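Structure file run10.csv; described as CSV, C-alpha atoms.
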```csv
chain,number,residue,atom,x,y,z
E,1,MET,CA,92.0,79.1,290.7
E,2,GLN,CA,91.9,76.5,293.4
E,3,PRO,CA,94.3,73.6,294.3
E,4,ILE,CA,93.3,70.4,292.7
E,5,ALA,CA,92.0,67.4,294.6
E,6,ASN,CA,93.5,64.0,293.8
E,7,GLU,CA,90.6,62.5,291.9
E,8,ARG,CA,90.0,63.2,288.2
E,9,ARG,CA,92.9,65.6,288.0
E,10,ASP,CA,93.1,65.8,284.2
E,11,ASP,CA,89.5,66.7,283.8
E,12,ILE,CA,89.4,69.2,286.7
E,13,VAL,CA,92.6,71.0,285.4
E,14,TYR,CA,91.2,71.1,281.9
E,15,LYS,CA,87.9,72.6,283.1
E,16,GLN,CA,89.6,75.2,285.2
E,17,LEU,CA,91.9,76.3,282.3
E,18,LEU,CA,88.9,76.3,279.9
E,19,ASP,CA,86.9,78.4,282.4
E,20,ASN,CA,89.6,81.0,282.5
E,21,ILE,CA,89.4,81.4,278.8
E,22,LYS,CA,85.6,81.4,278.7
E,23,THR,CA,85.3,84.0,281.5
E,24,GLY,CA,88.0,86.3,280.0
E,25,VAL,CA,90.7,85.8,282.7
E,26,TRP,CA,92.9,84.9,279.7
E,27,LYS,CA,91.7,86.9,276.7
E,28,SER,CA,92.2,86.5,273.0
E,29,GLY,CA,96.0,86.6,272.3
E,30,ASP,CA,97.0,86.4,276.0
E,31,LYS,CA,100.0,84.2,277.0
E,32,LEU,CA,99.1,81.5,279.6
E,33,PRO,CA,101.3,81.0,282.7
E,34,ALA,CA,104.2,78.6,282.2
E,35,GLU,CA,103.7,74.9,282.8
E,36,ASN,CA,105.7,75.0,286.0
E,37,GLU,CA,103.8,78.0,287.3
E,38,LEU,CA,100.4,76.3,286.7
E,39,SER,CA,101.8,73.1,288.2
E,40,ARG,CA,102.7,75.0,291.5
E,41,GLU,CA,99.4,76.9,291.6
E,42,LEU,CA,97.2,73.9,291.0
E,43,LYS,CA,99.4,71.5,292.9
E,44,VAL,CA,99.5,68.9,290.2
E,45,SER,CA,102.3,67.5,288.0
E,46,ARG,CA,103.5,69.1,284.8
E,47,VAL,CA,102.3,65.9,283.0
E,48,THR,CA,98.8,66.7,284.1
E,49,ILE,CA,99.2,70.3,283.0
E,50,ARG,CA,100.4,69.2,279.6
E,51,ALA,CA,97.5,66.8,279.1
E,52,ALA,CA,95.1,69.6,279.9
E,53,LEU,CA,96.8,72.0,277.5
E,54,GLN,CA,96.8,69.4,274.8
E,55,ARG,CA,93.0,69.1,275.1
E,56,LEU,CA,92.7,72.9,274.7
E,57,ARG,CA,95.0,72.7,271.6
E,58,SER,CA,92.9,69.9,270.1
E,59,ILE,CA,89.8,72.1,270.1
E,60,GLY,CA,91.7,75.1,268.7
E,61,LEU,CA,91.5,77.4,271.8
E,62,VAL,CA,95.2,77.7,272.5
E,63,GLU,CA,98.4,77.5,270.4
E,64,SER,CA,102.0,76.8,271.4
E,65,LYS,CA,104.8,78.9,270.0
E,66,HIS,CA,108.2,77.4,270.1
E,67,GLY,CA,110.4,79.1,272.7
E,68,LYS,CA,107.6,81.6,273.6
E,69,GLY,CA,104.9,79.6,275.4
E,70,THR,CA,101.2,78.9,275.0
E,71,PHE,CA,98.7,81.6,273.9
E,72,VAL,CA,94.9,81.9,273.7
E,73,CYS,CA,94.1,81.8,270.0
E,74,PRO,CA,93.1,85.3,268.8
E,75,ASN,CA,89.6,85.6,267.3
E,76,GLU,CA,91.3,87.2,264.2
E,77,ASP,CA,92.3,83.6,263.3
E,78,LEU,CA,88.7,82.9,262.5
E,79,PHE,CA,89.0,85.3,259.5
E,80,ASP,CA,92.1,83.6,258.0
E,81,TYR,CA,91.3,80.9,255.4
E,82,SER,CA,94.6,81.1,253.5
E,83,GLY,CA,95.6,77.5,254.4
E,84,PHE,CA,92.3,75.9,253.6
E,85,SER,CA,91.8,73.4,250.9
E,86,ASP,CA,89.4,74.2,248.0
E,87,THR,CA,88.5,70.4,247.7
E,88,LEU,CA,85.3,69.4,249.5
E,89,ASN,CA,86.3,65.9,250.5
E,90,LEU,CA,83.1,65.4,252.4
E,91,THR,CA,80.4,62.8,252.1
E,92,ALA,CA,76.9,63.8,251.4
E,93,LYS,CA,76.0,63.0,255.0
E,94,GLU,CA,78.9,65.1,256.3
E,95,TYR,CA,77.9,68.0,254.0
E,96,LYS,CA,74.4,67.9,255.3
E,97,GLU,CA,75.6,67.8,258.9
E,98,ILE,CA,77.7,70.9,258.5
E,99,ILE,CA,74.8,72.7,256.9
E,100,GLN,CA,72.6,71.7,259.9
E,101,LEU,CA,75.3,72.9,262.3
E,102,ARG,CA,75.5,76.2,260.4
E,103,GLU,CA,71.7,76.7,260.5
E,104,ALA,CA,71.5,75.9,264.2
E,105,ILE,CA,74.4,78.2,265.3
E,106,GLU,CA,73.7,81.1,263.1
E,107,LYS,CA,70.0,81.2,263.9
E,108,ARG,CA,70.7,81.3,267.7
E,109,ALA,CA,73.5,83.8,267.1
E,110,VAL,CA,71.2,86.2,265.4
E,111,GLN,CA,68.7,85.7,268.2
E,112,ASN,CA,71.4,86.5,270.8
E,113,ILE,CA,72.2,89.7,268.9
E,114,VAL,CA,68.5,90.7,268.7
E,115,GLU,CA,68.1,90.1,272.5
E,116,ASN,CA,71.4,91.5,273.8
E,117,GLY,CA,72.7,93.7,271.1
E,118,LEU,CA,75.9,93.5,269.0
E,119,THR,CA,79.3,92.9,270.7
E,120,GLY,CA,82.9,93.0,269.6
E,121,ASP,CA,84.3,94.3,266.4
E,122,THR,CA,81.3,95.3,264.4
E,123,GLU,CA,83.5,96.8,261.6
E,124,ALA,CA,84.1,93.2,260.4
E,125,PHE,CA,80.5,93.1,259.1
E,126,PHE,CA,81.1,96.0,256.8
E,127,SER,CA,84.6,94.9,255.7
E,128,ALA,CA,83.1,91.5,254.8
E,129,TYR,CA,80.2,93.0,252.8
E,130,GLN,CA,82.5,95.4,251.0
E,131,GLY,CA,84.8,92.5,250.0
E,132,MET,CA,81.7,90.5,248.8
E,133,GLU,CA,80.7,93.5,246.6
E,134,GLU,CA,84.1,93.7,245.0
E,135,ALA,CA,84.3,89.9,244.4
E,136,ALA,CA,80.8,89.9,242.9
E,137,ALA,CA,81.8,92.7,240.5
E,138,ASN,CA,84.5,90.3,239.2
E,139,PHE,CA,82.3,87.2,239.3
E,140,ASP,CA,84.9,85.6,241.6
E,141,TYR,CA,83.0,83.1,243.7
E,142,LYS,CA,86.2,81.9,245.5
E,143,GLU,CA,87.1,85.4,246.7
E,144,LEU,CA,83.4,86.1,247.5
E,145,THR,CA,83.4,82.9,249.7
E,146,LYS,CA,86.2,84.3,251.8
E,147,TYR,CA,84.3,87.4,252.6
E,148,ASP,CA,81.0,85.5,252.9
E,149,MET,CA,82.7,83.3,255.5
E,150,MET,CA,84.0,86.5,257.3
E,151,PHE,CA,80.5,87.8,257.4
E,152,HIS,CA,79.1,84.7,259.1
E,153,MET,CA,82.0,84.6,261.5
E,154,ALA,CA,81.3,88.2,262.4
E,155,VAL,CA,77.7,87.1,263.2
E,156,ILE,CA,78.9,84.3,265.5
E,157,LEU,CA,81.5,86.5,267.3
E,158,ALA,CA,78.9,89.3,267.7
E,159,SER,CA,76.5,86.8,269.5
E,160,ASP,CA,79.0,86.7,272.4
E,161,ASN,CA,78.7,83.0,272.9
E,162,SER,CA,82.1,81.4,273.6
E,163,HIS,CA,80.8,77.9,272.9
E,164,PHE,CA,79.7,78.9,269.4
E,165,VAL,CA,83.2,80.3,268.8
E,166,GLN,CA,84.8,77.1,270.2
E,167,ILE,CA,82.7,75.0,267.8
E,168,MET,CA,83.6,77.2,264.9
E,169,ARG,CA,87.3,76.7,265.6
E,170,ILE,CA,86.8,73.0,265.3
E,171,PHE,CA,84.8,72.9,262.2
E,172,GLN,CA,86.0,76.1,260.5
E,173,GLU,CA,87.6,74.5,257.5
E,174,GLU,CA,84.7,72.2,256.8
E,175,TYR,CA,82.4,75.2,257.2
E,176,TYR,CA,84.4,77.1,254.6
E,177,ARG,CA,84.6,74.3,252.1
E,178,VAL,CA,80.8,73.7,252.3
E,179,LEU,CA,80.2,77.4,251.7
E,180,LEU,CA,82.6,77.4,248.8
E,181,GLU,CA,80.9,74.5,247.2
E,182,THR,CA,77.5,76.1,247.6
E,183,ASN,CA,78.8,79.4,246.2
E,184,LYS,CA,80.0,77.6,243.0
E,185,LEU,CA,76.3,77.5,242.1
E,186,LEU,CA,76.5,81.3,241.5
E,187,MET,CA,78.2,80.3,238.3
E,188,ARG,CA,75.7,77.6,237.3
E,189,ASP,CA,74.4,79.5,234.2
E,190,TYR,CA,77.8,80.4,232.8
E,191,PRO,CA,78.4,81.6,230.1
E,192,ASN,CA,75.1,83.4,230.3
E,193,MET,CA,76.6,86.4,232.2
E,194,GLU,CA,73.3,88.1,232.6
E,195,LYS,CA,72.0,85.2,234.7
E,196,VAL,CA,75.3,84.9,236.5
E,197,LYS,CA,75.2,88.5,237.5
E,198,ARG,CA,71.6,88.0,238.7
E,199,HIS,CA,72.8,85.2,241.0
E,200,PHE,CA,75.6,87.3,242.5
E,201,ASP,CA,73.3,90.3,242.9
E,202,GLU,CA,70.8,88.2,244.8
E,203,CYS,CA,73.6,86.9,247.1
E,204,LEU,CA,74.5,90.5,247.9
E,205,VAL,CA,70.9,91.6,248.5
E,206,ASN,CA,70.4,88.7,250.9
E,207,HIS,CA,73.4,89.7,253.0
E,208,LYS,CA,72.6,93.4,252.8
E,209,SER,CA,69.1,92.8,254.1
E,210,LEU,CA,70.4,90.8,257.1
E,211,LEU,CA,73.2,93.4,257.7
E,212,ASP,CA,70.6,96.2,257.8
E,213,ALA,CA,68.4,94.3,260.1
E,214,LEU,CA,71.2,93.4,262.5
E,215,PHE,CA,72.2,97.1,262.8
E,216,GLY,CA,68.6,98.2,263.2
E,217,ASN,CA,68.5,100.2,260.0
E,218,LYS,CA,65.4,98.4,258.7
E,219,GLY,CA,63.7,95.0,258.8
E,220,ASP,CA,63.5,92.3,261.4
E,221,ALA,CA,66.7,90.4,261.9
E,222,MET,CA,65.1,87.1,262.9
E,223,GLU,CA,62.8,87.3,259.9
E,224,GLU,CA,65.6,88.1,257.5
E,225,GLN,CA,67.6,85.2,259.0
E,226,GLU,CA,64.7,82.8,258.3
E,227,LYS,CA,64.6,84.1,254.7
E,228,PHE,CA,68.3,83.7,254.4
E,229,LEU,CA,68.2,80.1,255.6
E,230,LEU,CA,65.3,79.3,253.3
E,231,ARG,CA,67.1,80.6,250.2
E,232,ASN,CA,70.3,78.8,251.3
E,233,LYS,CA,68.2,75.6,251.6
E,234,GLU,CA,67.0,76.0,248.0
E,235,ARG,CA,70.6,76.3,246.8
E,236,ILE,CA,71.7,73.2,248.8
E,237,GLU,CA,68.8,71.2,247.3
E,238,TYR,CA,69.9,72.2,243.9
E,239,PHE,CA,73.5,71.2,244.8
E,240,PHE,CA,72.4,67.7,245.7
E,241,GLN,CA,70.2,67.3,242.6
E,242,LYS,CA,73.2,68.3,240.5
E,243,HIS,CA,75.5,66.0,242.5
E,244,GLN,CA,73.1,63.1,242.0
E,245,MET,CA,72.9,63.7,238.3
E,246,GLU,CA,76.7,63.7,238.0
E,247,GLN,CA,76.8,60.4,239.9
E,248,ASP,CA,74.2,58.8,237.7
E,249,LEU,CA,76.1,59.9,234.6
E,250,MET,CA,79.3,58.4,235.9
E,251,LYS,CA,77.5,55.1,236.6
E,252,ASP,CA,76.1,55.0,233.0
E,253,ARG,CA,79.5,55.3,231.4
```
Rendering of file as structure tokens:
Amino acid sequence: MQPIANERRDDIVYKQLLDNIKTGVWKSGDKLPAENELSRELKVSRVTIRAALQRLRSIGLVESKHGKGTFVCPNEDLFDYSGFSDTLNLTAKEYKEIIQLREAIEKRAVQNIVENGLTGDTEAFFSAYQGMEEAAANFDYKELTKYDMMFHMAVILASDNSHFVQIMRIFQEEYYRVLLETNKLLMRDYPNMEKVKRHFDECLVNHKSLLDALFGNKGDAMEEQEKFLLRNKERIEYFFQKHQMEQDLMKDR
């Protein structure tokens, strides 16, 4: 890192610290140098360092541990949904925007994998799919959503795009809640368990087809991703139709 010029110090410090994370100088789980050490190295005040660190915390890239220091958030955090709310609390517009974000990122992530190959912990794909199978066997859409989310996080991490990971850290909970709300539709024909099983089985088949294509076992990954997004779009349209019907019923009461 280089000493900082007088102008725009906060922005320049932030960008240098961010670049160290993006380029792997500080890796997942690493402890950052102490504030006074960064202050001496960059020749800026500790106030400037704190402001830059706060910006990194606000986008979920670092976390402060009392008495221990500041650490790069480990990627394993992207697989922890234990503290997330099951309540949607999103407007229809916000719901659609998260869906559009998901489609844009996952489509490009799959393309990156096709062009450059898989990176990182590929075992996460298989752990996620196995968890989905077990949840589907119990018709547990909430548990299935956790592993469904893990599957899609594995896709994003395997694409080796740090910006995608950064975006997911910011919108992770909204992403999860939208996925949970969509997966509720797997139970839409309850108590007809034959139809419910069909919905869960279809969900598993869709993920298995994409999984096989990503690992080169069979099929074209980009083609399977397009099919995946199309099927997901149909479920989302159903969700909004159902939501509108519920709203209309409430108005009539």
If we count all atoms listed in the file, what is near Lys227 (chain E) at a cut-off of 12 Å, once residues fewer than 6 positions away on the same chain are taken out, given as a ChimeraX atom specification? /E:103,107,205-207,209-210,219-221,233-234
Need to verify the contact set: region 72-83 of chain E, 9 Å, all atoms listed in the file, exclusion of same-chain residues closer than 2 positions in sequence. Can you return it as a VMD selection string? chain E and resid 21 26 to 32 60 to 63 70 85 146 to 147 149 to 150 153 to 154 157 165 168 to 169 172 to 173 176
Excluding same-chain residues fewer than 4 positions from Gly69 (chain E), what lies within 7 Å of it counting all atoms listed in the file, as a PyMOL selection string? chain E and resi 31+34+64-65
Long-range neighbours of Ser39 (chain E) as a list in words, 12 Å cut-off, only C-alpha atoms, 2 positions minimum in chain: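 Listing them by chain and then by number gives Met1, Gln2, Pro3, Ile4, Arg9, Val13, Leu17, Pro33, Ala34, Glu35, Asn36, Glu37, Glu41, Leu42, Lys43, Val44, Ser45, Arg46, Val47, Thr48, Ile49, Arg50, Ala51, Ala52 and Leu53 of chain E.
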Determine, counting all atoms listed in the file, which protein, DNA and RNA residues have an atom within 9 Å of an atom of Asp86 (chain E); residues of the same chain fewer than 4 positions away are not included. Present the result as a compact mmCIF listing (two decimals) with C-alpha atoms, in the frame of the given file.
```txt
# COMPACT_ATOMS: atom_id res chain seq x y z
CA LYS E 142 86.20 81.90 245.50
CA TYR E 176 84.40 77.10 254.60
CA ARG E 177 84.60 74.30 252.10
CA LEU E 180 82.60 77.40 248.80
CA GLU E 181 80.90 74.50 247.20
```
Quick check, in Å to one decimal: how far apart do CA of Leu101 (chain E) and CA of Ile167 (chain E) lie?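 A separation of 9.5 Å between them.
Residue nearest Ile59 (chain E), chosen from E:Leu18, E:Ala109, E:Leu230, E:Val25 and counting all atoms listed in the file: E:Leu18.
If only C-alpha atoms are the atoms counted, then among E:Phe71, E:Lys22, E:Phe126, E:Phe84 the closest residue to Glu174 (chain E) is E:Phe84.
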Interatomic distance (Å, one decimal) between CA of Thr122 (chain E) and CA of Lys208 (chain E):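 Going from CA of Thr122 (chain E) over to CA of Lys208 (chain E), I get 14.6 Å.
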Any idea what the distance is between CA of Ser127 (chain E) and CA of Cys203 (chain E)?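 Here the two named atoms are 16.1 Å from each other.
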Quick one: of E:Ala135, E:Leu118, E:Ile99, E:Ile236, who's nearest to Thr182 (chain E), counting all atoms listed in the file? E:Ile236
Using all atoms listed in the file, find all polymer residues with an atom at most 10 Å away from the point (85.7, 83.8, 246.6); report them as a PyMOL selection string. chain E and resi 131-132+135-136+138-149+179-180+183-184
Between E:Gly67, E:Ser58, E:His199, E:Asp212, which is the closest to Phe171 (chain E) once you count all atoms listed in the file?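 Nearest to Phe171 (chain E): E:Ser58.
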Where atoms are lacking, region 156-191 of chain E completed to N, CA and C atoms, as a compact mmCIF listing (two decimals), in the frame of the given file:
```txt
# COMPACT_ATOMS: atom_id res chain seq x y z
N ILE E 156 78.65 85.23 264.33
CA ILE E 156 78.90 84.30 265.50
C ILE E 156 79.65 85.01 266.58
N LEU E 157 80.70 85.77 266.24
CA LEU E 157 81.50 86.50 267.30
C LEU E 157 80.62 87.55 267.95
N ALA E 158 79.76 88.21 267.18
CA ALA E 158 78.90 89.30 267.70
C ALA E 158 77.84 88.74 268.66
N SER E 159 77.58 87.43 268.61
CA SER E 159 76.50 86.80 269.50
C SER E 159 77.04 86.67 270.89
N ASP E 160 78.37 86.80 271.10
CA ASP E 160 79.00 86.70 272.40
C ASP E 160 78.70 85.40 273.12
N ASN E 161 78.83 84.31 272.35
CA ASN E 161 78.70 83.00 272.90
C ASN E 161 79.99 82.22 272.68
N SER E 162 80.76 82.01 273.74
CA SER E 162 82.10 81.40 273.60
C SER E 162 82.01 79.96 273.10
N HIS E 163 80.91 79.26 273.40
CA HIS E 163 80.80 77.90 272.90
C HIS E 163 80.62 77.86 271.40
N PHE E 164 79.89 78.83 270.84
CA PHE E 164 79.70 78.90 269.40
C PHE E 164 81.11 79.12 268.74
N VAL E 165 81.91 80.01 269.34
CA VAL E 165 83.20 80.30 268.80
C VAL E 165 84.10 79.04 268.88
N GLN E 166 84.00 78.32 269.99
CA GLN E 166 84.80 77.10 270.20
C GLN E 166 84.40 76.07 269.09
N ILE E 167 83.12 75.91 268.83
CA ILE E 167 82.70 75.00 267.80
C ILE E 167 83.18 75.39 266.43
N MET E 168 83.15 76.69 266.15
CA MET E 168 83.60 77.20 264.90
C MET E 168 85.10 76.94 264.66
N ARG E 169 85.88 77.01 265.74
CA ARG E 169 87.30 76.70 265.60
C ARG E 169 87.54 75.29 265.17
N ILE E 170 86.69 74.38 265.67
CA ILE E 170 86.80 73.00 265.30
C ILE E 170 86.45 72.68 263.90
N PHE E 171 85.33 73.28 263.47
CA PHE E 171 84.80 72.90 262.20
C PHE E 171 84.97 74.03 261.12
N GLN E 172 85.89 74.95 261.38
CA GLN E 172 86.00 76.10 260.50
C GLN E 172 86.34 75.75 259.06
N GLU E 173 87.26 74.81 258.86
CA GLU E 173 87.60 74.50 257.50
C GLU E 173 86.50 73.77 256.75
N GLU E 174 85.81 72.84 257.42
CA GLU E 174 84.70 72.20 256.80
C GLU E 174 83.58 73.16 256.45
N TYR E 175 83.35 74.10 257.35
CA TYR E 175 82.40 75.20 257.20
C TYR E 175 82.68 75.95 255.91
N TYR E 176 83.97 76.32 255.79
CA TYR E 176 84.40 77.10 254.60
C TYR E 176 84.23 76.34 253.33
N ARG E 177 84.63 75.07 253.32
CA ARG E 177 84.60 74.30 252.10
C ARG E 177 83.12 74.05 251.64
N VAL E 178 82.22 73.86 252.60
CA VAL E 178 80.80 73.70 252.30
C VAL E 178 80.28 75.02 251.67
N LEU E 179 80.66 76.13 252.25
CA LEU E 179 80.20 77.40 251.70
C LEU E 179 80.78 77.66 250.34
N LEU E 180 82.03 77.29 250.12
CA LEU E 180 82.60 77.40 248.80
C LEU E 180 81.91 76.59 247.76
N GLU E 181 81.61 75.35 248.13
CA GLU E 181 80.90 74.50 247.20
C GLU E 181 79.54 74.99 246.86
N THR E 182 78.87 75.55 247.84
CA THR E 182 77.50 76.10 247.60
C THR E 182 77.63 77.37 246.72
N ASN E 183 78.66 78.19 246.94
CA ASN E 183 78.80 79.40 246.20
C ASN E 183 79.22 79.16 244.72
N LYS E 184 79.72 77.97 244.44
CA LYS E 184 80.00 77.60 243.00
C LYS E 184 78.72 77.72 242.20
N LEU E 185 77.59 77.52 242.86
CA LEU E 185 76.30 77.50 242.10
C LEU E 185 75.98 78.94 241.61
N LEU E 186 76.68 79.96 242.08
CA LEU E 186 76.50 81.30 241.50
C LEU E 186 76.87 81.34 240.05
N MET E 187 77.71 80.40 239.66
CA MET E 187 78.20 80.30 238.30
C MET E 187 77.44 79.31 237.45
N ARG E 188 76.35 78.79 237.97
CA ARG E 188 75.70 77.60 237.30
C ARG E 188 75.18 77.90 235.92
N ASP E 189 74.90 79.17 235.59
CA ASP E 189 74.40 79.50 234.20
C ASP E 189 75.44 80.04 233.31
N TYR E 190 76.71 79.94 233.72
CA TYR E 190 77.80 80.40 232.80
C TYR E 190 77.74 79.58 231.52
N PRO E 191 77.92 80.21 230.36
CA PRO E 191 78.40 81.60 230.10
C PRO E 191 77.38 82.65 229.95
```
